[in-house]
Each structure stands twice: as C-alpha cells, then as structure tokens.
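Shown here: entry-v7.cif, mmCIF, C-alpha atoms.
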data_coords
loop_
_atom_site.label_atom_id
_atom_site.label_comp_id
_atom_site.auth_asym_id
_atom_site.auth_seq_id
_atom_site.Cartn_x
_atom_site.Cartn_y
_atom_site.Cartn_z
CA MET A 1054 63.46 12.61 34.86
CA ASP A 1055 59.70 12.38 35.40
CA THR A 1056 59.12 8.79 36.54
CA THR A 1057 55.48 8.83 35.36
CA ASP A 1058 56.52 9.60 31.79
CA PHE A 1059 56.42 6.36 29.81
CA GLY A 1060 58.28 7.98 26.93
CA ARG A 1061 58.17 5.83 23.81
CA PHE A 1062 55.92 3.33 25.64
CA SER A 1063 53.19 5.93 25.95
CA ASP A 1064 51.37 4.14 23.20
CA PRO A 1065 48.00 5.93 23.01
CA ALA A 1066 46.15 2.73 22.15
CA LEU A 1067 47.56 0.91 25.18
CA LEU A 1068 46.79 3.89 27.42
CA ILE A 1069 43.19 3.94 26.19
CA LEU A 1070 42.80 0.22 26.78
CA ALA A 1071 44.24 0.55 30.28
CA SER A 1072 41.86 3.42 30.99
CA LEU A 1073 38.85 1.45 29.76
CA ALA A 1074 39.93 -1.51 31.88
CA GLY A 1075 38.75 0.61 34.80
CA GLY A 1076 35.25 0.92 33.32
CA GLU A 1077 33.47 2.48 30.36
CA LYS A 1078 34.36 6.11 29.60
CA HIS A 1079 33.77 8.78 26.99
CA GLY A 1080 36.60 10.72 25.28
CA TYR A 1081 37.13 13.41 27.90
CA GLY A 1082 36.87 10.86 30.71
CA MET A 1083 39.64 8.83 29.08
CA MET A 1084 41.87 11.89 28.65
CA GLU A 1085 41.48 12.82 32.32
CA ASP A 1086 41.94 9.26 33.52
CA ILE A 1087 45.08 8.72 31.41
CA GLU A 1088 46.54 12.01 32.63
CA ALA A 1089 45.82 11.08 36.26
CA MET A 1090 47.13 7.54 35.78
CA THR A 1091 50.33 8.26 33.82
CA GLY A 1092 50.82 12.01 33.56
CA VAL A 1093 50.56 11.73 29.78
CA HIS A 1094 48.33 14.30 28.09
CA LEU A 1095 46.75 12.79 24.99
CA GLY A 1096 45.69 15.39 22.44
CA PRO A 1097 42.13 15.09 21.06
CA GLY A 1098 43.38 14.21 17.56
CA THR A 1099 45.69 11.50 18.89
CA LEU A 1100 42.93 10.12 21.13
CA TYR A 1101 40.39 9.77 18.35
CA GLY A 1102 42.99 8.50 15.86
CA ALA A 1103 43.73 5.67 18.29
CA LEU A 1104 40.07 5.18 19.20
CA SER A 1105 39.03 4.63 15.57
CA ARG A 1106 41.79 2.04 15.11
CA LEU A 1107 40.91 0.25 18.35
CA GLU A 1108 37.28 0.14 17.28
CA GLN A 1109 38.25 -1.26 13.89
CA SER A 1110 40.31 -4.00 15.45
CA GLY A 1111 37.44 -4.89 17.78
CA LEU A 1112 39.38 -4.16 20.95
CA ILE A 1113 36.87 -1.54 22.13
CA GLU A 1114 33.18 -1.09 21.49
CA ALA A 1115 31.08 2.09 21.26
CA LEU A 1116 28.06 2.19 23.56
CA PRO A 1117 24.81 4.10 22.89
CA ALA A 1118 25.43 7.85 23.10
CA ASP A 1119 24.67 9.56 26.39
CA GLU A 1120 23.31 12.88 25.07
CA ARG A 1121 26.09 13.84 22.61
CA ARG A 1122 28.89 12.00 24.43
CA ARG A 1123 29.53 8.42 23.42
CA PRO A 1124 31.10 6.08 25.97
CA TYR A 1125 33.33 3.19 24.98
CA LYS A 1126 34.05 -0.10 26.69
CA LEU A 1127 36.70 -2.77 26.45
CA THR A 1128 35.69 -5.90 24.54
CA THR A 1129 36.71 -9.41 25.59
CA ARG A 1130 39.32 -9.33 22.84
CA GLY A 1131 40.55 -5.95 24.07
CA ASN A 1132 40.80 -7.31 27.58
CA ALA A 1133 42.95 -10.25 26.40
CA TYR A 1134 45.12 -7.97 24.24
CA LEU A 1135 45.71 -5.55 27.14
CA ARG A 1136 46.57 -8.41 29.49
CA GLN A 1137 49.07 -9.82 26.98
CA SER A 1138 50.62 -6.38 26.29
CA LEU A 1139 50.96 -5.53 29.98
CA THR A 1140 52.46 -8.95 30.72
CA SER A 1141 55.06 -8.41 27.97
CA LEU A 1142 55.74 -4.93 29.29
CA GLY A 1143 56.02 -6.33 32.84
CA ASN A 1144 58.55 -8.93 31.69
CA PHE A 1145 60.53 -6.20 29.96
CA VAL A 1146 60.48 -4.01 33.09
CA SER A 1147 61.50 -6.97 35.23
CA ILE A 1148 64.47 -7.85 32.97
CA GLY A 1149 65.53 -4.20 32.82
CA LEU A 1150 65.47 -3.89 36.60
CA GLN A 1151 67.40 -7.14 37.04
CA ARG A 1152 70.13 -5.88 34.70
CA LEU A 1153 70.33 -2.59 36.58
CA GLU A 1154 70.77 -4.45 39.87
CA ALA A 1155 73.36 -6.88 38.51
CA MET B 831 38.67 33.71 16.86
CA ARG B 832 36.91 31.84 19.72
CA MET B 833 38.15 28.33 20.60
CA ASP B 834 34.76 26.70 19.85
CA ARG B 835 34.93 28.19 16.34
CA VAL B 836 38.49 26.97 15.99
CA GLY B 837 37.28 23.51 17.08
CA ALA B 838 34.42 23.52 14.55
CA TRP B 839 36.81 24.60 11.79
CA LEU B 840 39.35 21.93 12.74
CA THR B 841 36.65 19.23 12.79
CA SER B 842 35.54 20.32 9.33
CA LEU B 843 39.01 19.34 8.06
CA TYR B 844 38.32 15.66 8.75
CA PRO B 845 36.80 13.44 6.01
CA ARG B 846 33.02 13.66 5.84
CA ALA B 847 32.49 9.98 6.70
CA TRP B 848 34.73 10.36 9.75
CA ARG B 849 32.76 13.43 10.89
CA GLU B 850 29.45 11.59 10.48
CA ARG B 851 30.72 8.79 12.68
CA TYR B 852 32.69 10.71 15.33
CA GLY B 853 31.83 14.38 14.68
CA ALA B 854 29.23 14.93 17.44
CA GLU B 855 31.28 13.34 20.23
CA PHE B 856 34.50 14.94 18.94
CA ASP B 857 32.90 18.41 19.03
CA ILE B 858 31.94 17.87 22.67
CA LEU B 859 35.49 16.78 23.46
CA LEU B 860 36.96 19.86 21.76
CA GLU B 861 34.58 22.14 23.69
CA GLN B 862 36.05 20.68 26.89
CA CYS B 863 39.72 20.34 26.09
CA LEU B 864 40.82 22.55 23.23
CA HIS B 865 42.84 25.04 25.31
CA SER B 866 46.18 25.52 23.59
CA PRO B 867 47.73 25.84 20.12
CA LEU B 868 49.37 22.45 20.77
CA ASP B 869 45.95 20.82 21.13
CA ALA B 870 44.85 22.53 17.89
CA LEU B 871 47.97 21.21 16.15
CA ASP B 872 47.19 17.73 17.47
CA VAL B 873 43.67 17.91 15.97
CA LEU B 874 45.12 19.16 12.69
CA LEU B 875 47.51 16.19 12.57
CA GLY B 876 44.59 13.91 13.42
CA ALA B 877 42.71 15.24 10.37
CA VAL B 878 45.75 14.56 8.15
CA ASP B 879 45.98 11.06 9.63
CA ALA B 880 42.27 10.38 8.93
CA HIS B 881 42.69 11.46 5.28
CA LEU B 882 45.78 9.27 4.94
CA GLN B 883 43.85 6.29 6.36
CA LEU B 884 41.18 6.89 3.74
CA LEU B 885 43.73 7.20 0.93
CA ASN B 886 45.53 4.04 2.02
CA GLY B 887 42.26 2.18 2.59
CA GLU B 888 43.92 1.35 5.90
CA ASP B 889 41.14 1.92 8.42
CA LEU B 890 37.66 1.96 7.02
CA THR B 891 35.69 0.99 10.13
CA TRP B 892 34.20 4.42 10.56
CA ARG B 893 33.08 4.34 6.95
CA MET B 894 31.32 1.05 7.56
CA LEU B 895 29.92 2.20 10.91
CA ASN B 896 28.76 5.40 9.25
CA MET B 897 26.96 3.35 6.59
CA LEU B 898 25.36 1.28 9.36
CA ASN B 899 24.16 4.48 11.09
CA LYS B 900 22.76 5.76 7.80
CA LEU B 901 20.95 2.50 7.08
CA ARG B 902 19.52 2.47 10.60
CA THR B 903 18.26 6.04 10.16
CA THR B 904 16.75 5.03 6.80
CA ILE B 905 14.87 2.13 8.35
CA LEU B 906 13.64 4.28 11.25
CA LEU B 907 12.51 7.10 8.94
CA VAL B 908 10.64 4.74 6.61
CA PHE B 909 9.06 2.91 9.57
CA THR B 910 7.92 6.19 11.16
CA ALA B 911 6.66 7.47 7.80
CA PHE B 912 4.73 4.23 7.31
CA ILE B 913 3.06 4.51 10.74
CA GLY B 914 2.09 8.14 10.01
CA PHE B 915 0.78 7.09 6.61
CA ILE B 916 -1.27 4.27 8.14
CA VAL B 917 -2.82 6.65 10.72
CA ALA B 918 -3.78 9.00 7.86
CA GLY B 919 -5.10 6.00 5.90
CA PHE B 920 -7.35 4.93 8.78
CA SER B 921 -8.65 8.49 9.00
CA LEU B 922 -9.48 8.27 5.28
CA VAL B 923 -11.34 4.99 5.84
CA GLY B 924 -13.21 6.63 8.74
CA LEU B 925 -14.15 9.53 6.48
CA ALA B 926 -15.36 7.31 3.65
CA ASP B 927 -17.11 4.77 5.89
CA ASP B 928 -20.92 5.11 5.81
CA SER B 929 -20.55 8.09 3.45
CA PRO B 930 -22.31 8.45 0.05
CA MET B 931 -18.88 7.78 -1.55
CA ILE B 932 -19.18 4.04 -0.82
CA PRO B 933 -22.34 3.44 -2.96
CA LEU B 934 -20.88 5.79 -5.60
CA MET B 935 -17.83 3.52 -5.98
CA LYS B 936 -20.14 0.70 -7.20
CA THR B 937 -21.14 2.80 -10.21
CA ASN B 938 -17.95 4.80 -10.82
CA PRO B 939 -15.13 2.50 -12.08
CA ALA B 940 -12.41 5.19 -11.83
CA LEU B 941 -13.33 5.88 -8.18
CA ALA B 942 -13.41 2.14 -7.44
CA ALA B 943 -10.00 1.67 -9.13
CA ALA B 944 -8.46 4.45 -7.01
CA TRP B 945 -9.90 2.90 -3.82
CA THR B 946 -8.70 -0.59 -4.81
CA THR B 947 -5.21 0.83 -5.47
CA ILE B 948 -5.17 2.29 -1.95
CA GLN B 949 -6.25 -1.06 -0.47
CA ILE B 950 -3.70 -3.11 -2.46
CA GLY B 951 -1.00 -0.53 -1.69
CA SER B 952 -1.69 -0.75 2.04
CA VAL B 953 -1.27 -4.55 1.94
CA VAL B 954 1.97 -4.33 -0.13
CA ALA B 955 3.46 -1.63 2.14
CA LEU B 956 2.49 -3.58 5.27
CA MET B 957 4.05 -6.78 3.87
CA ALA B 958 7.25 -4.90 2.98
CA VAL B 959 7.52 -3.40 6.47
CA VAL B 960 6.76 -6.74 8.18
CA ILE B 961 9.20 -8.75 6.02
CA GLY B 962 11.96 -6.11 6.11
CA GLY B 963 11.57 -5.48 9.81
CA PHE B 964 11.26 -9.13 10.87
CA PRO B 965 14.99 -9.87 11.49
CA LEU B 966 15.38 -6.49 13.20
CA ALA B 967 12.32 -7.12 15.40
CA LEU B 968 13.67 -10.57 16.33
CA THR B 969 17.04 -9.02 17.21
CA VAL B 970 15.42 -6.36 19.39
CA VAL B 971 13.24 -8.93 21.17
CA ARG B 972 16.24 -11.23 21.65
CA ARG B 973 18.19 -8.36 23.26
CA ALA B 974 15.22 -7.49 25.45
CA LEU B 975 14.84 -11.08 26.68
CA SER B 976 18.59 -11.59 27.19
CA GLY B 977 20.27 -11.19 30.55
CA GLU B 978 20.67 -7.44 30.00
CA ARG B 979 16.87 -6.96 29.59
CA ARG B 980 17.86 -4.11 27.24
CA GLY B 981 14.84 -2.12 26.05
CA LEU B 982 12.29 -4.52 27.57
CA GLY B 983 10.31 -1.66 29.18
CA LEU B 984 10.23 0.27 25.91
CA LEU B 985 9.10 -2.82 24.00
CA MET B 986 6.12 -3.08 26.34
CA VAL B 987 4.81 0.25 24.96
CA PRO B 988 3.61 -1.20 21.60
CA VAL B 989 2.21 -4.25 23.42
CA VAL B 990 0.24 -2.08 25.88
CA SER B 991 -0.89 0.21 23.03
CA PHE B 992 -2.11 -2.78 21.01
CA LEU B 993 -3.96 -4.17 24.04
CA ALA B 994 -5.57 -0.76 24.68
CA VAL B 995 -6.85 -0.59 21.08
CA MET B 996 -8.07 -4.21 21.26
CA LEU B 997 -9.87 -3.56 24.56
CA PHE B 998 -11.53 -0.48 23.11
CA LEU B 999 -12.52 -2.44 19.98
CA GLY B 1000 -13.95 -5.19 22.19
CA PHE B 1001 -15.93 -2.57 24.10
CA VAL B 1002 -17.26 -1.11 20.82
CA PHE B 1003 -18.21 -4.62 19.67
CA LEU B 1004 -20.06 -5.35 22.94
CA VAL B 1005 -21.91 -2.03 22.72
CA GLY B 1006 -22.71 -2.66 19.04
CA SER B 1007 -24.06 -6.15 19.81
CA GLY B 1008 -26.28 -4.74 22.58
CA ARG B 1009 -24.55 -6.69 25.40
CA ILE B 1010 -23.52 -3.47 27.08
CA HIS B 1011 -25.81 -0.48 27.24
CA VAL B 1012 -24.20 2.98 27.18
CA PRO B 1013 -26.52 6.00 27.48
CA GLY B 1014 -26.51 8.06 24.29
CA VAL B 1015 -25.09 5.25 22.16
CA ASP B 1016 -27.43 3.52 19.73
CA PRO B 1017 -26.36 -0.08 18.98
CA VAL B 1018 -28.34 -0.08 15.70
CA VAL B 1019 -27.60 3.03 13.66
CA GLN B 1020 -30.31 4.02 11.21
CA PRO B 1021 -29.21 5.07 7.69
CA GLY B 1022 -28.61 8.82 7.51
CA THR B 1023 -28.27 9.21 11.29
CA PHE B 1024 -25.24 9.00 13.55
CA PRO B 1025 -25.96 9.67 17.25
CA ALA B 1026 -23.52 11.89 19.15
CA GLY B 1027 -22.69 9.03 21.57
CA ASN B 1028 -21.69 6.72 18.71
CA ARG B 1029 -19.55 9.45 17.16
CA LEU B 1030 -17.88 10.11 20.52
CA MET B 1031 -17.10 6.42 20.94
CA LEU B 1032 -15.53 6.14 17.48
CA GLU B 1033 -13.55 9.33 17.99
CA GLY B 1034 -12.30 7.93 21.30
CA LEU B 1035 -11.18 4.78 19.50
CA MET B 1036 -9.37 6.91 16.91
CA LEU B 1037 -7.68 8.93 19.66
CA VAL B 1038 -6.47 5.79 21.48
CA PHE B 1039 -5.19 4.40 18.16
CA ILE B 1040 -3.32 7.62 17.27
CA LEU B 1041 -1.81 8.01 20.76
CA GLY B 1042 -0.84 4.31 20.81
CA ALA B 1043 0.76 4.59 17.36
CA PHE B 1044 2.68 7.72 18.42
CA ALA B 1045 3.93 6.23 21.71
CA SER B 1046 4.81 2.91 20.05
CA THR B 1047 6.75 4.63 17.25
CA LEU B 1048 8.75 6.65 19.79
CA ALA B 1049 9.51 3.53 21.83
CA VAL B 1050 10.53 1.45 18.78
CA TRP B 1051 12.68 4.36 17.53
CA LYS B 1052 14.47 4.47 20.88
CA VAL B 1053 15.00 0.70 21.03
CA ILE B 1054 16.30 0.44 17.45
CA SER B 1055 18.60 3.44 17.98
CA ARG B 1056 20.31 1.40 20.68
CA THR B 1057 20.70 -1.69 18.45
CA ASP B 1058 24.26 -1.33 17.18
CA SER B 1059 24.85 -4.82 15.78
CA GLU B 1060 25.14 -4.95 12.02
CA GLN B 1061 24.20 -8.60 11.70
CA GLU B 1062 22.49 -11.30 13.70
CA THR B 1063 22.60 -15.08 13.49
CA PHE B 1064 19.32 -16.99 13.74
CA HIS B 1065 18.86 -20.70 14.17
CA ALA B 1066 16.14 -22.03 11.89
CA VAL B 1067 15.34 -25.48 10.48
CA GLY B 1068 18.54 -26.92 11.92
CA ARG B 1069 20.71 -24.26 10.27
CA ASN B 1070 22.41 -21.06 11.34
CA LEU B 1071 21.36 -18.11 9.22
CA THR B 1072 23.30 -14.84 9.46
CA VAL B 1073 21.37 -11.77 8.34
CA LYS B 1074 22.67 -8.21 7.93
CA ILE B 1075 19.58 -6.80 9.58
CA TYR B 1076 19.65 -3.21 8.28
CA ARG B 1077 20.89 -4.09 4.79
CA PHE B 1078 18.16 -6.77 4.57
CA ALA B 1079 15.51 -4.17 5.42
CA PHE B 1080 16.66 -1.67 2.77
CA VAL B 1081 14.92 -3.16 -0.32
CA PRO B 1082 11.58 -3.62 1.54
CA ALA B 1083 11.97 0.00 2.74
CA VAL B 1084 12.31 1.14 -0.88
CA ILE B 1085 9.23 -0.93 -1.84
CA ALA B 1086 7.23 0.54 1.08
CA THR B 1087 8.30 4.06 0.07
CA LEU B 1088 7.31 3.63 -3.59
CA THR B 1089 4.01 2.06 -2.50
CA MET B 1090 3.31 5.06 -0.27
CA LEU B 1091 3.83 7.32 -3.29
CA VAL B 1092 1.38 5.23 -5.35
CA MET B 1093 -1.18 5.33 -2.50
CA LEU B 1094 -0.75 9.10 -2.16
CA VAL B 1095 -1.49 9.58 -5.87
CA ALA B 1096 -4.45 7.18 -5.61
CA THR B 1097 -5.83 9.04 -2.57
CA VAL B 1098 -5.57 12.43 -4.31
CA SER B 1099 -7.29 10.92 -7.39
CA TRP B 1100 -10.00 9.35 -5.22
CA GLY B 1101 -10.62 12.67 -3.46
CA TRP B 1102 -10.72 14.59 -6.71
CA LEU B 1103 -13.16 12.13 -8.34
CA SER B 1104 -15.36 12.07 -5.22
CA PHE B 1105 -15.39 15.85 -5.02
CA SER B 1106 -16.33 16.10 -8.72
CA ALA B 1107 -19.21 13.64 -8.29
CA LEU B 1108 -20.49 14.67 -4.83
CA PRO B 1109 -19.30 18.19 -3.95
CA GLN B 1110 -22.03 18.48 -1.27
CA VAL B 1111 -20.39 15.74 0.82
CA PHE B 1112 -17.13 17.69 0.97
CA ALA B 1113 -19.04 20.84 1.93
CA GLY B 1114 -20.34 19.11 5.12
CA ASN B 1115 -18.79 18.55 8.55
CA PHE B 1116 -18.29 14.79 8.60
CA GLY B 1117 -14.72 14.90 9.96
CA PRO B 1118 -13.97 13.80 13.53
CA TRP B 1119 -15.11 16.18 16.28
CA GLY B 1120 -17.46 17.79 13.71
CA THR B 1121 -14.64 19.24 11.61
CA SER B 1122 -15.01 20.18 7.96
CA THR B 1123 -14.85 17.17 5.62
CA GLN B 1124 -12.83 19.16 3.09
CA ALA B 1125 -10.31 20.38 5.70
CA TRP B 1126 -10.02 16.87 7.16
CA PHE B 1127 -9.40 15.34 3.73
CA ILE B 1128 -6.74 17.96 2.92
CA SER B 1129 -5.10 17.24 6.31
CA ILE B 1130 -4.99 13.53 5.42
CA ILE B 1131 -3.33 14.33 2.09
CA VAL B 1132 -0.79 16.64 3.77
CA VAL B 1133 0.13 13.97 6.36
CA MET B 1134 0.48 11.33 3.63
CA ALA B 1135 2.63 13.67 1.51
CA VAL B 1136 4.90 14.56 4.46
CA CYS B 1137 5.27 10.87 5.37
CA THR B 1138 6.08 9.92 1.77
CA ALA B 1139 8.66 12.73 1.55
CA MET B 1140 10.18 11.56 4.86
CA ALA B 1141 10.46 7.99 3.54
CA PHE B 1142 12.07 9.20 0.28
CA PHE B 1143 14.55 11.28 2.27
CA GLY B 1144 15.39 8.22 4.38
CA VAL B 1145 15.89 5.96 1.35
CA GLN B 1146 18.04 8.56 -0.39
CA ARG B 1147 20.17 8.88 2.74
CA GLY B 1148 20.72 5.14 3.06
CA ARG B 1149 21.34 4.21 -0.57
CA PRO B 1150 24.75 2.66 -1.16
CA ARG B 1151 27.47 5.01 -2.40
CA GLN B 1152 30.85 4.32 -3.95
CA THR B 1153 32.83 6.47 -1.52
CA GLY B 1154 32.40 7.90 1.97
CA ARG B 1155 34.59 10.91 1.25
#

For the structure just supplied, provide its representation as structure tokens.
Amino acid sequence: MDTTDFGRFSDPALLILASLAGGEKHGYGMMEDIEAMTGVHLGPGTLYGALSRLEQSGLIEALPADERRRPYKLTTRGNAYLRQSLTSLGNFVSIGLQRLEA
Amino acid sequence: MRMDRVGAWLTSLYPRAWRERYGAEFDILLEQCLHSPLDALDVLLGAVDAHLQLLNGEDLTWRMLNMLNKLRTTILLVFTAFIGFIVAGFSLVGLADDSPMIPLMKTNPALAAAWTTIQIGSVVALMAVVIGGFPLALTVVRRALSGERRGLGLLMVPVVSFLAVMLFLGFVFLVGSGRIHVPGVDPVVQPGTFPAGNRLMLEGLMLVFILGAFASTLAVWKVISRTDSEQETFHAVGRNLTVKIYRFAFVPAVIATLTMLVMLVATVSWGWLSFSALPQVFAGNFGPWGTSTQAWFISIIVVMAVCTAMAFFGVQRGRPRQTGR
C-alpha cells in the first residue's frame, strides 16, 4: 500500500487549503505542490471544481492576475477551517493508531 | 487533434459565466497539465459538475464574481471614454477660442444653442463621473493609504499630472500678465494676430494636458483593475454606510454615456452650422501645429464618436441580466 495515498481522505478542498497554507499559489503551482506533498494527482477539472466552491465559501481569495495566471491565497476563515479539519483528522489518526497498538 | 485544441474544446463545454470567471487561468492550466485522456475526462466531468451547480443554484459565486468583473470593466470603459471625450472637448474649445465662431454665436441662436448644449452636457457628464466614481475613488485611496500601500505609486500619476498642468497654467498666467518675459511670446495679443511663441506655448500646454490625461487614465485603470472588493463600508455622520461600489457607479455611468451622445450630436450640429455660416474659417489652418481646421474638427468628432461607442459598449456589457448561462 502506498503510504502517501490518503484514499478517501484525499479531499481536494482540504488538499488545496493545505497547499495554500504554504503561501499563495496559482492552479498549476497547487497541483505540483499537492502532488509533491501527498502523491495525489488532482485533475484540472477537480481542482477548479473545488477552487470555485472554496472561493464561494470564503475560505480562499483570488489575487490580482499575474499575466494570465491568477494566484489564490488562504483567508483567515480558511486558515481556521484548515486548522480545525487537520486537528480532527489528527485526533482520528491518533485514535486509529492507539487501537492498532492495543 | 493537438492537446491545446482539446483543452480549448473542453473549456468551451463549461457554462459561459464560469468561463468568463475562470476561463483564462483554466486555459493556462490546461496548456501545462493536459497530458492524458484521464486528465481530459477529469475536465469533462468538471464541466458537467459546473452545469449541475448552475442547475441546482448550488454555487453561484462565479456568476456573481463574473458580474463584478463585468461591472468593473463597464466603469473603466466609461471612465476612459469620458477622459478621451474631455480631451476632444478641450481641443474643440481651443479651436473655437478667439475664432470668428464666437461672435457669430451671439447672432445665431441655433449655433448658440448647440454650444450651450455642449457646455451643459460637459457639466452633467462630469457630475455623473464624479458622483459615480466617488465611493470607488475613496476605496482606492483607502487601500493605497493602508498598511499594504497598494497602488500608492500609481495613484501619484494623476496627482503629478495635475500638478504639471497647474504649473504650466501658472507659467502661462505669469507670461500673460507680463511678470515673466519669454522671447517670441506677446503678453497682449492683438485681434487678428497670434504670435508663433504664443501658439507654441498653448500647444505645449495642450500636449502636457493630453499626456497627463493618458498617463493618469492608464494608472487609474491599473489601480481599479486590482480593486476586487464588491462593497466598502464608510463611516459618515456617526453612521456606517455600506456601498456596492461598482453597482453604485452603474447608473451615473449610463447618464455619462447618454450625455456624451447628446454632446456628440450637439458638436456635429455646431460644426455643421459654423461651416454653413463661415466656410472660410474651416478652409484655414487654425488647428494646433498649423494643421487644417477642417481636418482637426473631423478628428475631434471621430474621437468623440469612438469614445461614445466605447462607453455604450461598456454599459451594454455591464447591464444586469437574468441569467449567466
């Protein structure tokens, strides 16, 4: 089993938020970063489907376009949401590991 | 079929409003990463998803953002058209000033009415632009003076341009009042004469004004393009007032556009009446840099017509629609 494959937890929105936590990025930058970080390849359609929803919910914000590429950044709300999601995920991982060791 | 063509075709499957919001950046992404049939399938599914969102009314942000982009473009187009129109209008005033058309207007009511329409129109259009653009200007200045100092350098361009025109005007005033002597410039111009030095000075003033207007418009365009917020809250008379800055500017933009059309018609009428009464004036070379009066007047009309068309295009683009599909 590939240990970097998050399987059903490879939520594209969460991956995008985690990528943007490292600094503002445009679409291709996010795809590369997510692939390097988790080994998950997000397709362009999936990426932009998630991006539009994240923008709607105010978790990310579009920055002025750099030539034709538009970078995005995490908003304060996005930061809080990511922190909460990762904490929940961390608790889940911790409980899972404890049960395996028991 | 080449992959970039496949990408363009796949993007065309998305709803129009989605493409207007994300299309440009999505095309760039596809140029870089559309390598396999699986990626193409992913884009295809993304298009289906975007249509489903639209049908369900689930995620309409890009429709709203698209409308914001359209409104911003409308405001920028009308503003630029207005500046171009004003430059042409000043050229018209320069052409008519000290010409035989001025005394003729005292005896020709139709000519006087056309001129008065142009003057009233210029005040109405200016008021519309100032009122409509006020919240936007405040927002831009607020951003520039905030911690980010966003666009502060660009905002200095109109300030420096205005100061340059004012300095030049001050210089012209000092020369005209005889406090400064410039060789070749006559402070007291006799009727029927216009020394070459005086003409050169006025043409210099016109050049500084046109260059300043051009540079300022570019700078303001750039600053406003970066202003993404849809609304801004202002504190006035002890109350918080939230204004949708681009939506607020739309009605004044329509008024400015219609006024430009009225002024264009009035200018054509004024030119036609003047030409009918004094054809010899139009046959001369009273334009700047000794150019033909007739050619200069036609150039003014062409600039005004192009600016009016640009403003109409902008208003048409930004008018509210029922659906973004």

For this session: Run the PyMOL selection byres ((chain B and resi 1130) around 8) against the file shown and list the residues it catches, as a PyMOL selection string.
Result: chain B and resi 918-919+921-922+1126-1129+1131-1134

How would the residues just picked look written out with C-alpha atoms as a compact mmCIF listing (two decimals), keeping the file's coordinate frame?
# COMPACT_ATOMS: atom_id res chain seq x y z
CA ALA B 918 -3.78 9.00 7.86
CA GLY B 919 -5.10 6.00 5.90
CA SER B 921 -8.65 8.49 9.00
CA LEU B 922 -9.48 8.27 5.28
CA TRP B 1126 -10.02 16.87 7.16
CA PHE B 1127 -9.40 15.34 3.73
CA ILE B 1128 -6.74 17.96 2.92
CA SER B 1129 -5.10 17.24 6.31
CA ILE B 1131 -3.33 14.33 2.09
CA VAL B 1132 -0.79 16.64 3.77
CA VAL B 1133 0.13 13.97 6.36
CA MET B 1134 0.48 11.33 3.63

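Within 8 Å of chain B, and counting all atoms listed in the file, chain A contributes A:Gly1080, A:Tyr1081, A:Gly1096, A:Pro1097, A:Gly1098, A:Thr1099, A:Tyr1101, A:Gly1102, A:Ser1105, A:Arg1106, A:Glu1108, A:Gln1109, A:Pro1117, A:Arg1121, A:Arg1122, A:Arg1123.
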
Written file, previous selection with C-alpha atoms, as a compact mmCIF listing (two decimals), keeping the file's coordinate frame:
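What landed in selection17.txt:
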# COMPACT_ATOMS: atom_id res chain seq x y z
CA GLY A 1080 36.60 10.72 25.28
CA TYR A 1081 37.13 13.41 27.90
CA GLY A 1096 45.69 15.39 22.44
CA PRO A 1097 42.13 15.09 21.06
CA GLY A 1098 43.38 14.21 17.56
CA THR A 1099 45.69 11.50 18.89
CA TYR A 1101 40.39 9.77 18.35
CA GLY A 1102 42.99 8.50 15.86
CA SER A 1105 39.03 4.63 15.57
CA ARG A 1106 41.79 2.04 15.11
CA GLU A 1108 37.28 0.14 17.28
CA GLN A 1109 38.25 -1.26 13.89
CA PRO A 1117 24.81 4.10 22.89
CA ARG A 1121 26.09 13.84 22.61
CA ARG A 1122 28.89 12.00 24.43
CA ARG A 1123 29.53 8.42 23.42

Exercise. What residues come out when you apply the PyMOL selection byres ((chain B and resi 947-962) around 10) to this file, written as a PyMOL selection string?
Worked result: chain B and resi 905+908-909+912-913+915-916+919+941-946+963-967+1075-1097+1100

For this session: Find the residues near Leu1048 of chain B: any atom within 12 Å, counting all atoms listed in the file, skip ones fewer than 2 places away on the same chain, and give them as a PyMOL selection string.
Result: chain B and resi 906-907+909-910+913-914+984-985+987-988+1041-1046+1050-1055

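This file, queried with the PyMOL selection byres ((chain A and resi 1133-1140) around 8), gives the residues Leu1067, Leu1070, Ala1071, Leu1112, Thr1129, Arg1130, Gly1131, Asn1132, Ser1141, Leu1142, Gly1143 and Asn1144 of chain A.
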
For this session: Compile the contact shell of Met1084 of chain A as number ranges by chain: residues with an atom at most 10 Å away, counting all atoms listed in the file, same-chain residues fewer than 2 positions apart removed.
Result: A: 1068-1069, 1072, 1078-1082, 1086-1090, 1093-1097, 1100; B: 859, 863

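Picture a line from atom CA of Ala1066 of chain A to atom CA of Arg849 of chain B; it runs 20.5 Å.
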
Exercise. Hey, what's within 6 Å of Val1145 of chain B if we count all atoms listed in the file and toss same-chain stuff fewer than 3 positions away? As number ranges by chain, please?
Worked result: B: 904, 1142, 1148

Return as AutoDock Vina command-line options the centre and edge lengths, in Å with one decimal, of the box along x, y and z that encloses every atom of segment 1134-1152 of chain A in the file, padded by 4 Å per side.
--center_x 57.6 --center_y -6.9 --center_z 30.6 --size_x 33.0 --size_y 13.9 --size_z 20.8

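Candidate residues A:Ala1103, A:Ile1113, A:Val1146, A:Leu1153 were compared for distance to Gly1076 of chain A, and the nearest is A:Ile1113, using all atoms listed in the file.
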
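Separating atom CA of Met1031 of chain B from atom CA of Val990 of chain B is a distance of 19.9 Å.
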
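In this model, the gap between atom CA of Thr903 of chain B and atom CA of Val1073 of chain B comes to 18.2 Å.
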
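Neighbouring residues of Gly1006 of chain B at 8 Å or closer, counting all atoms listed in the file and skipping chain neighbours under 6 positions away, are B:Asp1016, B:Pro1017, B:Val1018.
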
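Shortest separation to Leu1116 of chain A among A:Thr1128, A:Glu1085, A:Pro1065, A:Ile1148 occurs at residue A:Thr1128, atoms counted being only C-alpha atoms.
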
Problem set entry | Pick from B:Gly981, B:Ser1122, B:Gly1117, B:Pro930 nearest to Met1036 of chain B, counting only C-alpha atoms | B:Gly1117
